[in-house]
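Report on the following structure.
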Amino acid sequence: MNKISKYIAPLVVAGVGLSVTSCDLDMSNPDAFDANGFWTSQTQFEGNITAMMQYWRGTYDNQVMFQTGEYRTDIYWTVEGTDGSGLRDLDPPRNAIDASHPQLTNFGNWYKLISECNTYLYYDEQRGDIIDPTAREYLLGMVYGMRAYAFFQVHKIYGTGPLRTTADVVLGNYDDNTLKMPRCEAEDLLNQIKSDVQASISHFNAGSGYSNGVFNANKGVYYWNKAASEMLAGEVYMWSGKVSTGNHTANPADVTTAKSYFQNVINNYSYSLCTSFDQAINSKDNNPERIFSTFYSVTEATNNWYNYCMYDIITGQTPKGVFWNAVEQDGTTWSNNASRSTMYYNPANGTEVQTDFFKTRMNGQQHQAIRNTYFYQFDREDERIYQLQPMYLPTDEELENNVRYIENFDPEKYHLGGCYIWKYHGLMGNAGVMVGANDMMYYRLALAYYYMAEIANFEGNNADVEYYLNAVRQRAYGDNWDASKHAYKAGSFLENEVAILQDKAKEFLQEGQHWWDLRRMTAVKGGSDADHLIFRPEGCIGYGLDFDAHPMWNEVSANQISAAANRALLENNTPLLDYATQKHLVLWPLDKSLLDDDNVLEQTPGY
């Protein structure tokens, strides 16, 4: 079969258990299972959903959280690493993508999950009466929700794709030519997404009495659940209310519909904001904020893709003692003092030891780096700044005298040489190194608050803009909170939209939001496509910073990176995309291999 049509063959896993056990799935052809071998018990229907979630985790986390949701934004630098190391995979942040350099292939592989959902729905129709009626409804809620999510990713990434809702191969169709399907109209795909997510919520309501020790455990956060469908419904209607795509024209009434879904998540569940930002991200247990996430652990499955934004321990300058690093020996908090890079200097006895932080956290080679501009947007009293580890350039005099330690280090007097992300702490692995065991959160309560702030701005309700934005901001400042200094005071539509965008960028780094926010949010309510912040200087990650008033942000020692290179890290006024020449880049191209293989598919317009 060709590459797309083969994805309609189901990925059924026989004999799976009811716990997430591996990132990899043993995928088999449906012909291997006859009527007596699979789909013959409720346990097997439940096990198939477990298999879907295993496949989801192993396939989509990096794509959703980073590749499509953030990496093409101007948070990331596009030249050499700030510590002297060479970066990799720079086409996406440069937005240098085309059919030969598409970043994603085969529609991001979302049709594999769609195929799995189609197969489940087919067998539910044929044999679903063997399932307890309440369980059957709940499981259908999960499957319709997952299919809606998959189709929504296709819509946001590509505009549209084939609209396949039947399990053709299961029904006996093996003809490659008839299995080929062209891309549908964007409006038709959106209507299918809305239909699926509404069906999901209805089935969840009908199956509210279902009890399963795995699917419902810990509020069901590791499996698709009703609140996840309501969050998705809110996102879908926000998108269709503000973004025009193909033959779909943004419908402002959909924003009002979105509001009802987010309100329901906020008001009718037992979710609440965690007491600290770090708890929201790095706590697995007793985390009341999580709505839907994928599961990782040291002993079962790890995910280290976000380590690629750490410094290069092999070739970079950071581990060679060039930069000042203001962290405690264990690396958990910033210090008032600074030691040279990976070595912690103890002034009491004049000895140096490798800090626990660099020994256990930083490992592997750096692939991506963030702009210094992102760091400068933070207030020092904002707890979210601690998801970053800044490295400061020493002065020429300090280098010449081999100064190793500075008491009462003042970072405002030093140039920021580079800034590394340490948002996901992970857990200690067997080799004495932290490994990626953080759960990846697709939906958490703070996201609903930001959407409600955006909706309030759309409605002209400044009081609610302040309420929802400041609810999350106050959590971020914790004991430092002073409303007179830190609370947002609402202004014009554009001022509010930018404030929501920038604060959300601080909250959701590497959680797959910023690219879509730039695509959806706009400088003018009801304006043209050109008014979306992805085409406006107000959408730049450094917008609002006055670099000319801070020469330390622009001039650097001749012994380190050049002033021009440092200035490139601080770009704050150039739109991410030029509307006149690059508006097609808001969507991804189909890869050349796929187009060569399937002659009914048409390339994304503009490529």
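Please note that chains go A, B, ... in the order of the structure tokens, that every chain numbers its residues from 1, and that ligands are numbered from 1 in the order shown.
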Just want the 10 Å neighbourhood of Trp110 in chain A, counted on only C-alpha atoms, with same-chain residues fewer than 2 positions away dropped. Output as a ChimeraX atom specification. /A:7,56,59-60,106-108,112-115,147,149-154
Residues from the last selection, C-alpha atoms, saved as a short mmCIF file (atom, residue, chain, number, x, y, z; two decimals), in the first residue's frame:
```cif
data_model
loop_
_atom_site.label_atom_id
_atom_site.label_comp_id
_atom_site.auth_asym_id
_atom_site.auth_seq_id
_atom_site.Cartn_x
_atom_site.Cartn_y
_atom_site.Cartn_z
CA TYR A 7 -2.11 3.82 7.81
CA TRP A 56 0.50 7.95 21.51
CA THR A 59 5.01 8.77 18.81
CA TYR A 60 3.60 12.22 19.57
CA ASN A 106 3.29 11.40 6.50
CA PHE A 107 0.96 13.97 8.07
CA GLY A 108 2.93 13.70 11.32
CA LYS A 112 -2.05 5.84 12.46
CA LEU A 113 -3.97 6.94 15.55
CA ILE A 114 -7.00 7.84 13.44
CA SER A 115 -6.88 4.37 11.91
CA ARG A 147 -9.81 10.81 17.07
CA TYR A 149 -7.54 15.36 18.84
CA ALA A 150 -5.71 13.61 15.98
CA PHE A 151 -7.83 15.27 13.28
CA PHE A 152 -7.34 18.64 15.02
CA GLN A 153 -3.57 18.24 14.83
CA VAL A 154 -3.87 17.53 11.10
#
```
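Backbone DSSP assigns strand (DSSP E or B) in range 369-474 of chain A to A:Ile370, A:Leu388, A:Gln389, A:Pro390, A:Met391, A:Tyr392, A:Leu393, A:Tyr405, A:Ile406, A:His415, A:Leu416, A:Gly417, A:Gly418, A:Cys419, A:Tyr420, A:Ile421, A:Leu427, A:Met428, A:Met434, A:Val435, A:Met440, A:Met441, A:Tyr442, A:Tyr443, A:Arg444.
Taking only C-alpha atoms into account, Lys156 in chain A lies nearest to A:Val586 out of the set A:Leu570, A:Ile541, A:Val586, A:Ile455.
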Range 210-405 of chain A: which residues are helix (DSSP H, G or I) by DSSP, as a ChimeraX atom specification? /A:217-220,226-242,253-267,277-282,305-309,318-320,356-360,372-376,383-387,396-400
Tell me, as a PDB file with N, CA, C and O atoms, in the first residue's frame, which residues lie within 10 Å of Arg290 in chain A, counting only C-alpha atoms; anything in the same chain fewer than 2 positions away does not count.
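As a result, part.pdb now contains:
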```pdb
ATOM      1  N   ASN A 218      -6.074   8.261  39.637  1.00  0.00           N
ATOM      2  CA  ASN A 218      -5.450   9.585  39.685  1.00  0.00           C
ATOM      3  C   ASN A 218      -6.187  10.568  38.787  1.00  0.00           C
ATOM      4  O   ASN A 218      -5.582  11.302  38.009  1.00  0.00           O
ATOM      5  N   LYS A 219      -7.521  10.544  38.892  1.00  0.00           N
ATOM      6  CA  LYS A 219      -8.401  11.381  38.075  1.00  0.00           C
ATOM      7  C   LYS A 219      -8.318  11.031  36.586  1.00  0.00           C
ATOM      8  O   LYS A 219      -8.741  11.811  35.733  1.00  0.00           O
ATOM      9  N   GLY A 220      -7.741   9.885  36.278  1.00  0.00           N
ATOM     10  CA  GLY A 220      -7.675   9.454  34.889  1.00  0.00           C
ATOM     11  C   GLY A 220      -6.722  10.254  34.038  1.00  0.00           C
ATOM     12  O   GLY A 220      -6.858  10.281  32.806  1.00  0.00           O
ATOM     13  N   VAL A 221      -5.714  10.891  34.631  1.00  0.00           N
ATOM     14  CA  VAL A 221      -4.870  11.822  33.877  1.00  0.00           C
ATOM     15  C   VAL A 221      -4.028  11.132  32.815  1.00  0.00           C
ATOM     16  O   VAL A 221      -3.597  11.776  31.857  1.00  0.00           O
ATOM     17  N   TYR A 222      -3.767   9.829  32.943  1.00  0.00           N
ATOM     18  CA  TYR A 222      -2.897   9.145  31.987  1.00  0.00           C
ATOM     19  C   TYR A 222      -3.664   8.545  30.815  1.00  0.00           C
ATOM     20  O   TYR A 222      -3.074   7.893  29.956  1.00  0.00           O
ATOM     21  N   TYR A 271     -10.236  20.179  39.962  1.00  0.00           N
ATOM     22  CA  TYR A 271      -8.896  20.667  39.648  1.00  0.00           C
ATOM     23  C   TYR A 271      -8.648  21.995  40.370  1.00  0.00           C
ATOM     24  O   TYR A 271      -9.568  22.778  40.608  1.00  0.00           O
ATOM     25  N   SER A 272      -7.385  22.238  40.694  1.00  0.00           N
ATOM     26  CA  SER A 272      -6.981  23.527  41.265  1.00  0.00           C
ATOM     27  C   SER A 272      -5.528  23.773  40.905  1.00  0.00           C
ATOM     28  O   SER A 272      -4.773  22.838  40.620  1.00  0.00           O
ATOM     29  N   LEU A 273      -5.140  25.043  40.890  1.00  0.00           N
ATOM     30  CA  LEU A 273      -3.745  25.376  40.607  1.00  0.00           C
ATOM     31  C   LEU A 273      -2.853  24.855  41.726  1.00  0.00           C
ATOM     32  O   LEU A 273      -3.201  24.948  42.904  1.00  0.00           O
ATOM     33  N   CYS A 274      -1.718  24.310  41.350  1.00  0.00           N
ATOM     34  CA  CYS A 274      -0.740  23.900  42.353  1.00  0.00           C
ATOM     35  C   CYS A 274      -0.252  25.132  43.119  1.00  0.00           C
ATOM     36  O   CYS A 274      -0.349  26.261  42.640  1.00  0.00           O
ATOM     37  N   ALA A 280       3.659  22.162  39.781  1.00  0.00           N
ATOM     38  CA  ALA A 280       2.796  21.921  38.629  1.00  0.00           C
ATOM     39  C   ALA A 280       3.517  21.133  37.547  1.00  0.00           C
ATOM     40  O   ALA A 280       2.903  20.343  36.830  1.00  0.00           O
ATOM     41  N   ILE A 281       4.822  21.328  37.420  1.00  0.00           N
ATOM     42  CA  ILE A 281       5.581  20.702  36.350  1.00  0.00           C
ATOM     43  C   ILE A 281       6.236  19.404  36.797  1.00  0.00           C
ATOM     44  O   ILE A 281       6.259  18.416  36.062  1.00  0.00           O
ATOM     45  N   SER A 283       5.810  17.537  39.792  1.00  0.00           N
ATOM     46  CA  SER A 283       5.168  16.661  40.771  1.00  0.00           C
ATOM     47  C   SER A 283       4.237  15.687  40.074  1.00  0.00           C
ATOM     48  O   SER A 283       3.350  16.090  39.324  1.00  0.00           O
ATOM     49  N   LYS A 284       4.439  14.394  40.317  1.00  0.00           N
ATOM     50  CA  LYS A 284       3.538  13.380  39.781  1.00  0.00           C
ATOM     51  C   LYS A 284       2.353  13.156  40.723  1.00  0.00           C
ATOM     52  O   LYS A 284       1.208  13.063  40.293  1.00  0.00           O
ATOM     53  N   ASN A 286      -0.156  14.017  43.990  1.00  0.00           N
ATOM     54  CA  ASN A 286      -0.778  15.176  44.641  1.00  0.00           C
ATOM     55  C   ASN A 286      -0.651  16.435  43.794  1.00  0.00           C
ATOM     56  O   ASN A 286      -0.391  17.521  44.301  1.00  0.00           O
ATOM     57  N   ASN A 287      -0.832  16.258  42.502  1.00  0.00           N
ATOM     58  CA  ASN A 287      -0.801  17.390  41.583  1.00  0.00           C
ATOM     59  C   ASN A 287      -2.235  17.650  41.107  1.00  0.00           C
ATOM     60  O   ASN A 287      -2.726  16.978  40.205  1.00  0.00           O
ATOM     61  N   PRO A 288      -2.914  18.615  41.724  1.00  0.00           N
ATOM     62  CA  PRO A 288      -4.330  18.829  41.407  1.00  0.00           C
ATOM     63  C   PRO A 288      -4.555  19.565  40.096  1.00  0.00           C
ATOM     64  O   PRO A 288      -5.704  19.789  39.707  1.00  0.00           O
ATOM     65  N   PHE A 292      -4.718  15.986  31.578  1.00  0.00           N
ATOM     66  CA  PHE A 292      -4.343  14.857  30.722  1.00  0.00           C
ATOM     67  C   PHE A 292      -2.852  14.916  30.460  1.00  0.00           C
ATOM     68  O   PHE A 292      -2.318  15.956  30.085  1.00  0.00           O
ATOM     69  N   SER A 293      -2.171  13.797  30.676  1.00  0.00           N
ATOM     70  CA  SER A 293      -0.723  13.737  30.464  1.00  0.00           C
ATOM     71  C   SER A 293      -0.332  12.327  30.070  1.00  0.00           C
ATOM     72  O   SER A 293      -1.110  11.380  30.212  1.00  0.00           O
ATOM     73  N   ASP A 439       6.205  13.506  33.589  1.00  0.00           N
ATOM     74  CA  ASP A 439       5.031  13.310  32.755  1.00  0.00           C
ATOM     75  C   ASP A 439       4.903  14.494  31.803  1.00  0.00           C
ATOM     76  O   ASP A 439       5.183  15.635  32.165  1.00  0.00           O
ATOM     77  N   MET A 440       4.482  14.207  30.576  1.00  0.00           N
ATOM     78  CA  MET A 440       4.272  15.264  29.591  1.00  0.00           C
ATOM     79  C   MET A 440       2.811  15.686  29.635  1.00  0.00           C
ATOM     80  O   MET A 440       1.907  14.906  29.329  1.00  0.00           O
ATOM     81  N   MET A 441       2.569  16.944  30.008  1.00  0.00           N
ATOM     82  CA  MET A 441       1.212  17.413  30.239  1.00  0.00           C
ATOM     83  C   MET A 441       0.631  18.113  29.013  1.00  0.00           C
ATOM     84  O   MET A 441       1.090  19.176  28.617  1.00  0.00           O
ATOM     85  N   TYR A 442      -0.360  17.496  28.456  1.00  0.00           N
ATOM     86  CA  TYR A 442      -1.079  18.073  27.328  1.00  0.00           C
ATOM     87  C   TYR A 442      -2.065  19.131  27.810  1.00  0.00           C
ATOM     88  O   TYR A 442      -2.234  20.157  27.162  1.00  0.00           O
ATOM     89  N   TYR A 443      -2.723  18.851  28.913  1.00  0.00           N
ATOM     90  CA  TYR A 443      -3.685  19.802  29.461  1.00  0.00           C
ATOM     91  C   TYR A 443      -3.498  19.904  30.971  1.00  0.00           C
ATOM     92  O   TYR A 443      -3.438  18.883  31.667  1.00  0.00           O
ATOM     93  N   ARG A 444      -3.381  21.137  31.452  1.00  0.00           N
ATOM     94  CA  ARG A 444      -3.426  21.398  32.893  1.00  0.00           C
ATOM     95  C   ARG A 444      -4.250  22.663  33.107  1.00  0.00           C
ATOM     96  O   ARG A 444      -4.471  23.456  32.182  1.00  0.00           O
ATOM     97  N   LEU A 445      -4.719  22.847  34.333  1.00  0.00           N
ATOM     98  CA  LEU A 445      -5.716  23.865  34.608  1.00  0.00           C
ATOM     99  C   LEU A 445      -5.267  25.268  34.213  1.00  0.00           C
ATOM    100  O   LEU A 445      -6.079  26.080  33.752  1.00  0.00           O
ATOM    101  N   ALA A 446      -3.991  25.588  34.384  1.00  0.00           N
ATOM    102  CA  ALA A 446      -3.510  26.928  34.037  1.00  0.00           C
ATOM    103  C   ALA A 446      -3.820  27.274  32.589  1.00  0.00           C
ATOM    104  O   ALA A 446      -4.069  28.442  32.255  1.00  0.00           O
TER     105      ALA A 446
END
```
Give me the residues within 6 Å of Gly417 in chain A as a ChimeraX atom specification, counting only C-alpha atoms and dropping any in the same chain fewer than 6 places off. /A:391-393
Nearest candidate to Gly331 in chain A (options A:His203, A:Arg361, A:Arg57, A:Lys485; using only C-alpha atoms): A:Arg361
Between A:Glu46, A:Gln510, A:Glu383, A:Asn470, which one has atoms that come closest to Gln279 in chain A, using only C-alpha atoms?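 Once distances to Gln279 in chain A are computed over only C-alpha atoms, the minimum belongs to A:Glu383.
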